[in-house]
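Student: After the structure tokens below, expect a handful of questions from me.
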Amino acid sequence: MLSSKPPRRKVVPANGDDSADKLDQLLLSSAISNNEDLGPFIRKAFTSGKPETLHHHLRHFARSKESEIEEVCKAHYQDFILAVDDLRSLLSDVDSLKSSLSDSNSRLQHVARPLLSSLDAFVETRNVSKNVNLAIDSVRTCVKLMEVCTRANRHLADDNFYMALKCVDAIEREYLDQTASSTLRRMLEKKIPEIRSYIERKVNKEFGDWLVEIRVVSRNLGQLAIGQASAARQREEDLRIKQRQAEEQSRLSVRDCIYALEEEDEDGIIAGGIGEDGGGAAGFDLTSLCRAYHIHQTLGLEDRFKQYYFENRKLQLTSDFQVSSMTPFLESHQTFFAQIAGFFVVEDRVLRAGGGLISKMEVENLWDIAVSKMCSVLEDQFSRMQTANHLLLIKDYVSLLGVTLRRYGYPIDALLDVLSKHRDKYHELLLSDCRKLIAEAVAADKFEQMLMKKEYEYSMNVLSFQIQTSDIIPAFPYVAPFSSTVPDCCRIVRSFIEDSVSFMSYGGQLEFYEVVKKYLDRLLSEVLDEALVKLINTSINGVSQAMQMAANMAVLERACDFFFRHAAQLSGVPLRMVERSRRNFPLRKARDAAEEMLSGLLKAKVDGFMTLIENVNWMGDEAPQSGNEYVNEVIIYLEILVSTAQQILPSQVLKRVLQEVFAHISEKIVGTLVSDSVKRFNVNAITGIEVDIRLLESFADNQASLFSDGDVDVLRASLAGSKQLINLLLSNHPENFLNPVIRERSYNTLDHKKVVIVSEKLRDPSDRLFGTFGSRGARQNPKRKSLDTLIKRLRDVS
Amino acid sequence: MGAYRADDDYDYLFKVVLIGDSGVGKSNLLSRFTKNEFSLESKSTIGVEFATRSIHVDDKIVKAQIWDTAGQERYRAITSAYYRGAVGALLVYDVTRHVTFENVERWLKELRDHTDANIVIMLVGNKADLRHLRAVSTDDAKAFAERENTFFMETSALESLNVDNAFTEVLTQIYRVVSRKTLEIGDDPAALPKGQTINVGSRDDVSAVKKSGCCSA
């Protein structure tokens, strides 16, 4: 519009500081040209105290601009008028358009009204549809929920608690939040814990029933397990008996030795032991227990259930420990131990098949408690038992218990220690029992040889103890060399051996023969030997009884060999090892006592005959040619004695006894010569005594056939004392006794004092004739002189 | 019987004693019967305690004065005083401990040495709920009760099994004895009632008894 622009008028500055004002004006112009901020310049004007000048300049400038504006308005007046005309024209057009729009709107509304109704109906229908869909979804969810609930109820009704819990968990996890109905949700929130509690109570009740049932099952189980161990032991025992028989055959007859190996019957042993699946009647049911455990795991109560299980089982075990004082332990011990054994068979099964319900350490803890209790009970009961059989019964059952539980991996050393500890007591009781039995058997002895009418009697009393003297079965009726004491005592000793081995076997100690041998030695040397010694010293009445006892002792010596062999066999020790180690005869004191008793009685008997020596004519004119009366009587008696004794006494015993008797006779002869009953004697009398001694020696020679070694010098040697004395008196040179060499060779048994006494008594026949002529001197013979020299010298020595 | 009737109205006052080994549950039987309480704490009774409760028998109000004692030996000095005047006794053993049953015979002898011949005795096997720990069979106890002419029940103070039944039976029998003695004054006073074996009730019996309202709480 504006065609041209008037040029800008320059303002003439007022007079003042020319240099400073010029500089400021340049800067200001430059700032205005560059469109910079003029604030600093204005503030400077105010701070420098020159605002009036600035105001003056600004007002001047404003008036100049107003002039320019007026000029512009004058130039554009025409353009303004034209614009107003245009606006008036436009207003008219707008009114036309407005009317047109109003008509269009009316027509549009007229057309759209039916469509709007349809739209409203559509929207309403869609809302209904959505609500229906929501309802359908909700109902579908409820249907699923009800299905799960129904399933849960069915599982509950069928006691399928695990599946019921799974359903309940599913309901809680998947449906509880989705359930629209608050009523339904409240019901679920209330019922779900109730169902869980119900299941827990039900399962706990089942577990309680299982606990009650398993207690009865445990006792039967324990008895069955121990019964199996007993059967296995019986089979072992049978096998050992067969082996012993085979060994016996091989020892007796090498050529007939036959060895047969028998296969173990595997069918009789249930693989894996009692309680395994497929064990038939031996099995027991852990279903209730495993189910209860599983349910508690599912409920999240595993630890609590494990603790509950352990504590209640421990209480049951503690209850099993009660030993009734109303029933003797001898009657109740099998139930007591079987109950405990069964308990641990069950626990072993639970440990292996229970899925971690009980740990190995917990089972070991229970076992330690049980072992301590069983050991305590055994200690108490053993300490009060006074019968060996009772200890043996308990020990057998305990060892079977040990075998049974060791098979399940339970250590049983403590139990075996208790058995070992009471070994001494058991054997003391056995010894005490045997002492009574032996005393009874010994007291019942009639000192008569046993008569056996049948072969079985021989077998029972002789062969079973291997005391026969020949392998040939004798003719019946058979008269044994021993009396009833021998087989009776043998039976007692054999029973002791078997009882001792019974206690020691299966007691944990494999090599127990030394122990059995020790106690057997004690039985024989302390009990039997003492009883026999007492019998011999108090009850013997006469030579025949003493002879019977001596015979018995000889038989018992053979029996003792059998005893140790028997003990070795039962202990499983080879016989050759036993026979290699010879031992002393344990009944030596009794044997010595018997022989001493027999010898003593025989000596007393002989003394009776020896009193006849008083009838000897010590100053006779002639020597008796056929011996003095006393010696003939003695020889007759001894002949009768030997003919009787050789039937029952072994030759060695008889020889020892005769030695004693002969020595005694010799001593009596010497004693008589020394005694005051004989004042003097002559050579004729001494010659008679010499004949007597030769008669005795002849008798001894006749017994040579009795002795296996044919040695008769021993009997002769027994007469040495009297023979040497007589030889000295009959010698022409009695002073030779003073020669040590000759004395040692020919007169070694003589005592100096006796020689003096006896020598002084020797009288020549002439002494009597010259007795009346004491004053006259006589011529002495050389022998007399020698004898006087001997007497004088010996008297000087003494 | 008692002249003092200021606070309670009753027709008979019967003294009943509880005896048996320590730990068999005598005190819990007492508290269950008189206060319907059970305590899991095994606190030993010191000396003597007693409590009372009244029941109805044949339209009569029978008040039971029940004495509870310690089972330990050191409290046995009170024996004579404890038993004096007792007309009924509950002889309690623990079914899980056989030794407590074995000692029943000794308790019974002591009881009979110190009490009247007409005393009513109930043998009680407590803790019957511990089925898996049972050590005394029901048959053994029943045979003993028959042999000794006593009543017999198995109870559980924990589960309220047969507790009311045991006490109620004793009190009823005492009432019968007293009534008969009253009617038969001078006629055979030393007669001892024959023992009867009571069937061991299940838990339902207890509920039935409670529902019937025959006991006043």
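Residue numbering restarts at 1 for every chain of the structure tokens, chains are lettered A, B, ... in their displayed order, and ligands are numbered from 1 as they appear.
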Counting only C-alpha atoms, which residues from chain A have an atom at most 12 Å from any atom of chain B, and could you show them as a ChimeraX atom specification?

Tutor: /A:205-216,309,311-327,336

Student: What does the file look like for those residues with C-alpha atoms, as a PDB file, in the first residue's frame?

Tutor:
ATOM      1  CA  LYS A 205      -5.972 -91.766  62.871  1.00  0.00           C
ATOM      2  CA  GLU A 206      -4.843 -94.261  60.251  1.00  0.00           C
ATOM      3  CA  PHE A 207      -1.292 -93.763  61.440  1.00  0.00           C
ATOM      4  CA  GLY A 208      -2.427 -94.343  65.012  1.00  0.00           C
ATOM      5  CA  ASP A 209      -4.113 -97.565  63.946  1.00  0.00           C
ATOM      6  CA  TRP A 210      -0.946 -98.575  62.155  1.00  0.00           C
ATOM      7  CA  LEU A 211       1.045 -97.936  65.317  1.00  0.00           C
ATOM      8  CA  VAL A 212      -1.297-100.190  67.277  1.00  0.00           C
ATOM      9  CA  GLU A 213      -1.194-102.876  64.617  1.00  0.00           C
ATOM     10  CA  ILE A 214       2.561-102.745  64.032  1.00  0.00           C
ATOM     11  CA  ARG A 215       3.154-103.504  67.671  1.00  0.00           C
ATOM     12  CA  VAL A 216       1.439-106.870  67.423  1.00  0.00           C
ATOM     13  CA  TYR A 309       6.679 -90.573  64.030  1.00  0.00           C
ATOM     14  CA  GLU A 311       8.758 -89.696  69.128  1.00  0.00           C
ATOM     15  CA  ASN A 312       5.902 -92.159  69.097  1.00  0.00           C
ATOM     16  CA  ARG A 313       8.059 -95.011  67.875  1.00  0.00           C
ATOM     17  CA  LYS A 314      10.524 -94.152  70.599  1.00  0.00           C
ATOM     18  CA  LEU A 315       7.695 -94.245  73.132  1.00  0.00           C
ATOM     19  CA  GLN A 316       6.619 -97.617  71.788  1.00  0.00           C
ATOM     20  CA  LEU A 317      10.156 -98.920  72.095  1.00  0.00           C
ATOM     21  CA  THR A 318      10.362 -97.605  75.647  1.00  0.00           C
ATOM     22  CA  SER A 319       7.069 -99.321  76.382  1.00  0.00           C
ATOM     23  CA  ASP A 320       8.469-102.547  74.956  1.00  0.00           C
ATOM     24  CA  PHE A 321      11.242-102.326  77.536  1.00  0.00           C
ATOM     25  CA  GLN A 322       8.879-102.925  80.437  1.00  0.00           C
ATOM     26  CA  VAL A 323       9.814-106.204  82.085  1.00  0.00           C
ATOM     27  CA  SER A 324       6.952-107.480  84.156  1.00  0.00           C
ATOM     28  CA  SER A 325       7.765-108.444  87.700  1.00  0.00           C
ATOM     29  CA  MET A 326       4.613-110.548  87.838  1.00  0.00           C
ATOM     30  CA  THR A 327       5.890-113.003  85.244  1.00  0.00           C
ATOM     31  CA  PHE A 336      10.550-109.294  75.429  1.00  0.00           C
TER      32      PHE A 336
END

Student: Using only C-alpha atoms, find the one residue out of B:Ser137, B:Gln65, B:Thr100, B:Gln173 that sits nearest to Thr34 in chain B.

Tutor: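 With only C-alpha atoms as the atom set, the closest residue is B:Gln65.
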
Student: Please provide the set of residues having any atom within 7 Å of Lys142 in chain B, restricted to only C-alpha atoms, with same-chain residues fewer than 3 positions apart removed, written as a PyMOL selection string.

Tutor: chain B and resi 138-139+145-146+152+197

Student: Next, the residues of the selection above should be written as a PDB file, in the first residue's frame with all heavy atoms.

Tutor:
ATOM      1  N   THR B 138      -6.820-105.206  78.214  1.00  0.00           N
ATOM      2  CA  THR B 138      -8.105-105.043  78.878  1.00  0.00           C
ATOM      3  C   THR B 138      -8.533-106.334  79.560  1.00  0.00           C
ATOM      4  O   THR B 138      -9.073-106.326  80.670  1.00  0.00           O
ATOM      5  CB  THR B 138      -9.156-104.617  77.841  1.00  0.00           C
ATOM      6  OG1 THR B 138      -8.681-103.463  77.164  1.00  0.00           O
ATOM      7  CG2 THR B 138     -10.473-104.302  78.502  1.00  0.00           C
ATOM      8  N   ASP B 139      -8.263-107.453  78.906  1.00  0.00           N
ATOM      9  CA  ASP B 139      -8.682-108.736  79.468  1.00  0.00           C
ATOM     10  C   ASP B 139      -7.975-109.025  80.789  1.00  0.00           C
ATOM     11  O   ASP B 139      -8.580-109.542  81.729  1.00  0.00           O
ATOM     12  CB  ASP B 139      -8.408-109.857  78.472  1.00  0.00           C
ATOM     13  CG  ASP B 139      -9.332-109.774  77.271  1.00  0.00           C
ATOM     14  OD1 ASP B 139     -10.381-109.116  77.386  1.00  0.00           O
ATOM     15  OD2 ASP B 139      -9.001-110.352  76.226  1.00  0.00           O
ATOM     16  N   ALA B 145     -10.076-107.558  88.089  1.00  0.00           N
ATOM     17  CA  ALA B 145     -11.209-106.923  88.768  1.00  0.00           C
ATOM     18  C   ALA B 145     -12.228-107.963  89.206  1.00  0.00           C
ATOM     19  O   ALA B 145     -12.766-107.906  90.319  1.00  0.00           O
ATOM     20  CB  ALA B 145     -11.853-105.890  87.850  1.00  0.00           C
ATOM     21  N   GLU B 146     -12.487-108.935  88.342  1.00  0.00           N
ATOM     22  CA  GLU B 146     -13.434-109.983  88.710  1.00  0.00           C
ATOM     23  C   GLU B 146     -12.924-110.775  89.899  1.00  0.00           C
ATOM     24  O   GLU B 146     -13.669-111.126  90.816  1.00  0.00           O
ATOM     25  CB  GLU B 146     -13.675-110.904  87.518  1.00  0.00           C
ATOM     26  CG  GLU B 146     -14.502-110.252  86.430  1.00  0.00           C
ATOM     27  CD  GLU B 146     -14.631-111.133  85.200  1.00  0.00           C
ATOM     28  OE1 GLU B 146     -14.032-112.234  85.199  1.00  0.00           O
ATOM     29  OE2 GLU B 146     -15.318-110.718  84.258  1.00  0.00           O
ATOM     30  N   PHE B 152     -14.691-102.110  87.117  1.00  0.00           N
ATOM     31  CA  PHE B 152     -13.548-101.843  86.233  1.00  0.00           C
ATOM     32  C   PHE B 152     -13.999-100.994  85.062  1.00  0.00           C
ATOM     33  O   PHE B 152     -15.055-101.229  84.478  1.00  0.00           O
ATOM     34  CB  PHE B 152     -12.940-103.149  85.726  1.00  0.00           C
ATOM     35  CG  PHE B 152     -11.954-102.945  84.611  1.00  0.00           C
ATOM     36  CD1 PHE B 152     -10.731-102.338  84.843  1.00  0.00           C
ATOM     37  CD2 PHE B 152     -12.252-103.355  83.323  1.00  0.00           C
ATOM     38  CE1 PHE B 152      -9.826-102.139  83.819  1.00  0.00           C
ATOM     39  CE2 PHE B 152     -11.354-103.165  82.296  1.00  0.00           C
ATOM     40  CZ  PHE B 152     -10.137-102.557  82.536  1.00  0.00           C
ATOM     41  N   THR B 197     -18.344-106.314  86.202  1.00  0.00           N
ATOM     42  CA  THR B 197     -17.489-105.759  85.166  1.00  0.00           C
ATOM     43  C   THR B 197     -18.327-104.877  84.268  1.00  0.00           C
ATOM     44  O   THR B 197     -19.300-105.323  83.675  1.00  0.00           O
ATOM     45  CB  THR B 197     -16.856-106.888  84.348  1.00  0.00           C
ATOM     46  OG1 THR B 197     -16.077-107.692  85.230  1.00  0.00           O
ATOM     47  CG2 THR B 197     -15.976-106.326  83.257  1.00  0.00           C
TER      48      THR B 197
END

Student: Tyr82 in chain B: which residues within 9 Å, counting only C-alpha atoms, same-chain residues fewer than 4 positions away excluded, as number ranges by chain?

Tutor: B: 17, 48, 67, 69, 78, 86
